[in-house]
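Remarks on the structure that follows.
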Amino acid sequence: MKGDRSAEPAAWEGPAHSRATPTSRASPVELLLQVGASLHATLVVDRQGRIVWMDPVLAGAAGWRSGPPVGHSAQEVLGGLPWLLHAFDAALAGTDGLCEDGGEGQRLSAVVVPVFDEDGTQVGACARLRKSERPRPEAAGAPQALCLGAVEERRAREHLEHQTSLLRATFDSITDGVIVVDLARRITAFNKRFQEIWGLTDAMMEERDAEKALASVEPRVTAPGRFIAFIREGFEPTFEYRSSIVELRDGRVLECKSIPQLLGEAIIGRIWSYRDVTAERQALAEQARLLVAEQEARERLEESFAVLDTFLNHAPVALGFIGRDLRYLRSNDALAALHGRRREEELGKTVREMTPQMAPFVEPLMRQVLDEGTPIIGLNMTGEVPSTPGEQRHWNVSYYPVRTASGTILGVGVVVAEITAEYRAQAERDRLLREAEEAIRIRDDFMSIAAHELKTPLTPLKLHLQMLKGQADTGHGVASRHVDKALAQLARLSLLVNDLLDTSRIQAGKLELATEPIPLREFIREVLLDFRGTSSLHSLRFEAPDEPLVILGDRARLAQVLTNLVENAFKYSPTGGTIRVTARRMGTEACVSVKDEGIGIPKEEQAHLFERFFRARNAPISGFGGLGLGLYICRDIIERHGGRIWVESEVEHGSTFHFVLPCL
């Protein structure tokens, strides 16, 4: 113990040697502790006169009774030793000092030295005290102050011995086993409880060897490897607070805690405490057993509800029992699923909590059943539930009063049969009926248009053929104009038949393409040559691209598309005007546009323009022939080439059809 060092012989060097400065760079406090340790100092004070470390024996001798003196001023703590305080005042002024005080049986002396850092700045002072024999008789003429000092020292020693005895008795009486080991793995302190817990003999403890003590307790531990590793890790200096549970082979369980032993801010060892928590663990185990028993009793109590729950959960409809406060007391999975929850989540919850959207409608009905005692049966309801937000669902709902044998109404029984599937099936039947009726209408319209379109070229064709036959019968020459007109009507008839055949091929997926590189500018000019002089009311203009554009496509099918668009431009511009055909590059694609100044297409019908058999409502059959298949065929051809086609139009301001194809 450091308190015992005050009784050691004075074997230090002179004061001048105590002023040496350590070579390692440290904080002022660390520096003071290093110098104090090297001098076996009893008291260390910083530059401001605050105590950094003080031997407890010296603190008792000074009459200090207010807890640890560290951090307090020397003026406050050393009030009982004025001669030592005077020596520290001199040392803090930079002067070495040697002072002493006499007692009845011995003399107390101290050497006090200042401490400086590497820069020569004073950081504090250290003092080492010693005791020697009382002065010889010839020294009887010493000042009366020495006698007074001896009296004070004796009183302080007696007080210290009393306090030490009290602390030792307290240390030995605590229920925790405590052991203190220094950095050299020497046992510096322990109490009786520690010996009792581990069964260590006095002879073993007198050796003060922590490693031997550890080896002797190893066989008593159920997991010795882990325990030894935990203890040895604690031998290393660390500020870490550590704890562990140690199980012994005899069934005991110990709670081990470890903290560092400090001298000022320096670690000088480790303190371990062991608490026997076997009874606590047994109490916890008993508590767990009682909880299990309570749970089993609760489960037996719930057995009476199991039959009811089984019935509810296997019922083909949603069932529930709701109390008078409109809280769910029982429900099955089918009813809970409507709310988007599990049935366990619904128990004890209100109807409004589970179905906030439906509560305004169903709560008045439930209260009516509770108040009047009459059921509400077969009520069709439509609404939304949390499990399917935004979706309308349909149910057939019945509410029944639930009564006791005496007639008291306990709550409401709910039976919910979902009929959403039936509603949807009916809606699907209605939709299919409408689609069938629309298909029949389209078919009838198509048959009417097809009959008209096919009959239109046949009548003049028959007339011209009859005229040609009459001329041949009378021996007159055949007029070429009749032949040309007959051929024109035949070509028109052939075009209608080809549109029907192409539509059939598209529907069957058999429309084939024979692709080749096509110079777009020359290709468009070739197609437009067939339209020169066909109309005196229209003018046809081609705006060629500034650069040569080459596409990969089926020449005949692309000519069919361009021809159809130009013919439509002529057809739907009955008052004449200019038909403009343009070609230009759009990034990696070539864009071809056909613009007219005709009747235009209503906005609401443009989305259906490329559908099969579709004809704009503002284009009457009379004067605007066709089966409504041309644009449908054009879209399929362009899309098969990897392109797209669309229209921009405004009623009475003409239309512009565009299609784009990838460039090579």
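Each chain in the structure tokens gets a letter, A, B, ..., in the order shown, and its residues are numbered from 1; ligands are numbered from 1 in order too.
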Requested in this report: Give me every strand (DSSP E or B) residue in stretch 328-427 of chain A, going by DSSP on the backbone, as a ChimeraX atom specification.
Outcome: /A:328-331,350,376-383,393-403,409-418
Mind writing the picked residues with C-alpha atoms as an mmCIF file, in the first residue's frame?
data_model
loop_
_atom_site.group_PDB
_atom_site.id
_atom_site.type_symbol
_atom_site.label_atom_id
_atom_site.label_comp_id
_atom_site.auth_asym_id
_atom_site.auth_seq_id
_atom_site.Cartn_x
_atom_site.Cartn_y
_atom_site.Cartn_z
ATOM 1 C CA TYR A 328 -65.771 -6.910 -32.502
ATOM 2 C CA LEU A 329 -66.004 -9.775 -29.988
ATOM 3 C CA ARG A 330 -65.681 -12.564 -32.553
ATOM 4 C CA SER A 331 -65.127 -12.706 -36.312
ATOM 5 C CA THR A 350 -64.672 -0.813 -33.149
ATOM 6 C CA ILE A 376 -82.375 -6.655 -41.116
ATOM 7 C CA ILE A 377 -82.077 -9.375 -43.747
ATOM 8 C CA GLY A 378 -80.854 -9.422 -47.362
ATOM 9 C CA LEU A 379 -79.627 -5.845 -47.631
ATOM 10 C CA ASN A 380 -77.587 -5.230 -50.805
ATOM 11 C CA MET A 381 -74.673 -2.873 -50.189
ATOM 12 C CA THR A 382 -71.944 -1.400 -52.389
ATOM 13 C CA GLY A 383 -68.790 0.310 -51.212
ATOM 14 C CA ARG A 393 -67.469 -4.228 -54.061
ATOM 15 C CA HIS A 394 -70.924 -5.621 -53.480
ATOM 16 C CA TRP A 395 -72.409 -7.604 -50.579
ATOM 17 C CA ASN A 396 -75.643 -9.113 -49.372
ATOM 18 C CA VAL A 397 -75.730 -8.251 -45.644
ATOM 19 C CA SER A 398 -77.939 -9.385 -42.780
ATOM 20 C CA TYR A 399 -77.935 -8.196 -39.132
ATOM 21 C CA TYR A 400 -79.459 -10.292 -36.327
ATOM 22 C CA PRO A 401 -79.953 -9.459 -32.649
ATOM 23 C CA VAL A 402 -78.045 -11.849 -30.336
ATOM 24 C CA ARG A 403 -80.029 -12.535 -27.133
ATOM 25 C CA ILE A 409 -79.719 -8.299 -26.361
ATOM 26 C CA LEU A 410 -75.968 -8.810 -26.069
ATOM 27 C CA GLY A 411 -74.992 -7.580 -29.490
ATOM 28 C CA VAL A 412 -75.394 -7.971 -33.228
ATOM 29 C CA GLY A 413 -74.647 -11.030 -35.359
ATOM 30 C CA VAL A 414 -73.388 -10.087 -38.838
ATOM 31 C CA VAL A 415 -73.662 -12.298 -41.930
ATOM 32 C CA VAL A 416 -71.998 -10.935 -45.074
ATOM 33 C CA ALA A 417 -72.157 -12.782 -48.407
ATOM 34 C CA GLU A 418 -70.049 -11.128 -51.092
#
Query - Shell of 10 Å around A:Arg585, only C-alpha atoms, local chain residues under 3 positions omitted, as a VMD selection string - result: chain A and resid 545 to 549 588 to 592 660 to 663
Query raised in the report: Within 9 Å of A:Val45, counting only C-alpha atoms, which residues qualify if same-chain residues fewer than 2 places away don't, as a count of residues only?
Result: 19
Requested in this report: Within stretch 280-423 of chain A, find each residue whose DSSP state, derived from the backbone, is helix (DSSP H, G or I), and express the selection as a VMD selection string.
Outcome: chain A and resid 280 to 313 333 to 338 343 to 346 351 to 354 359 to 372 420 to 423
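Residue nearest A:Glu526 within the list A:Val44, A:Leu129, A:Ala559, A:Ala37: A:Ala559 [criterion: smallest interatomic distance, only C-alpha atoms].
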**Report entry** Residues within 10 Å of A:Leu468, only C-alpha atoms, excluding chain neighbours under 3 positions, as a list in words
**Finding:**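 Here the qualifying residues turn out to be Lys462, Leu463, His464, Leu465, Gln471, Ala472, Asp473, His476, Gly477, Val478, Ala479, Ser480, His482, Val483 and Ala486 of chain A.
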Query raised in the report: What gap, in Å, lies between atom CA of A:Glu605 and atom CA of A:Trp646?
Result: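 If I compute the distance from atom CA of A:Glu605 to atom CA of A:Trp646, I get 12.7 Å.
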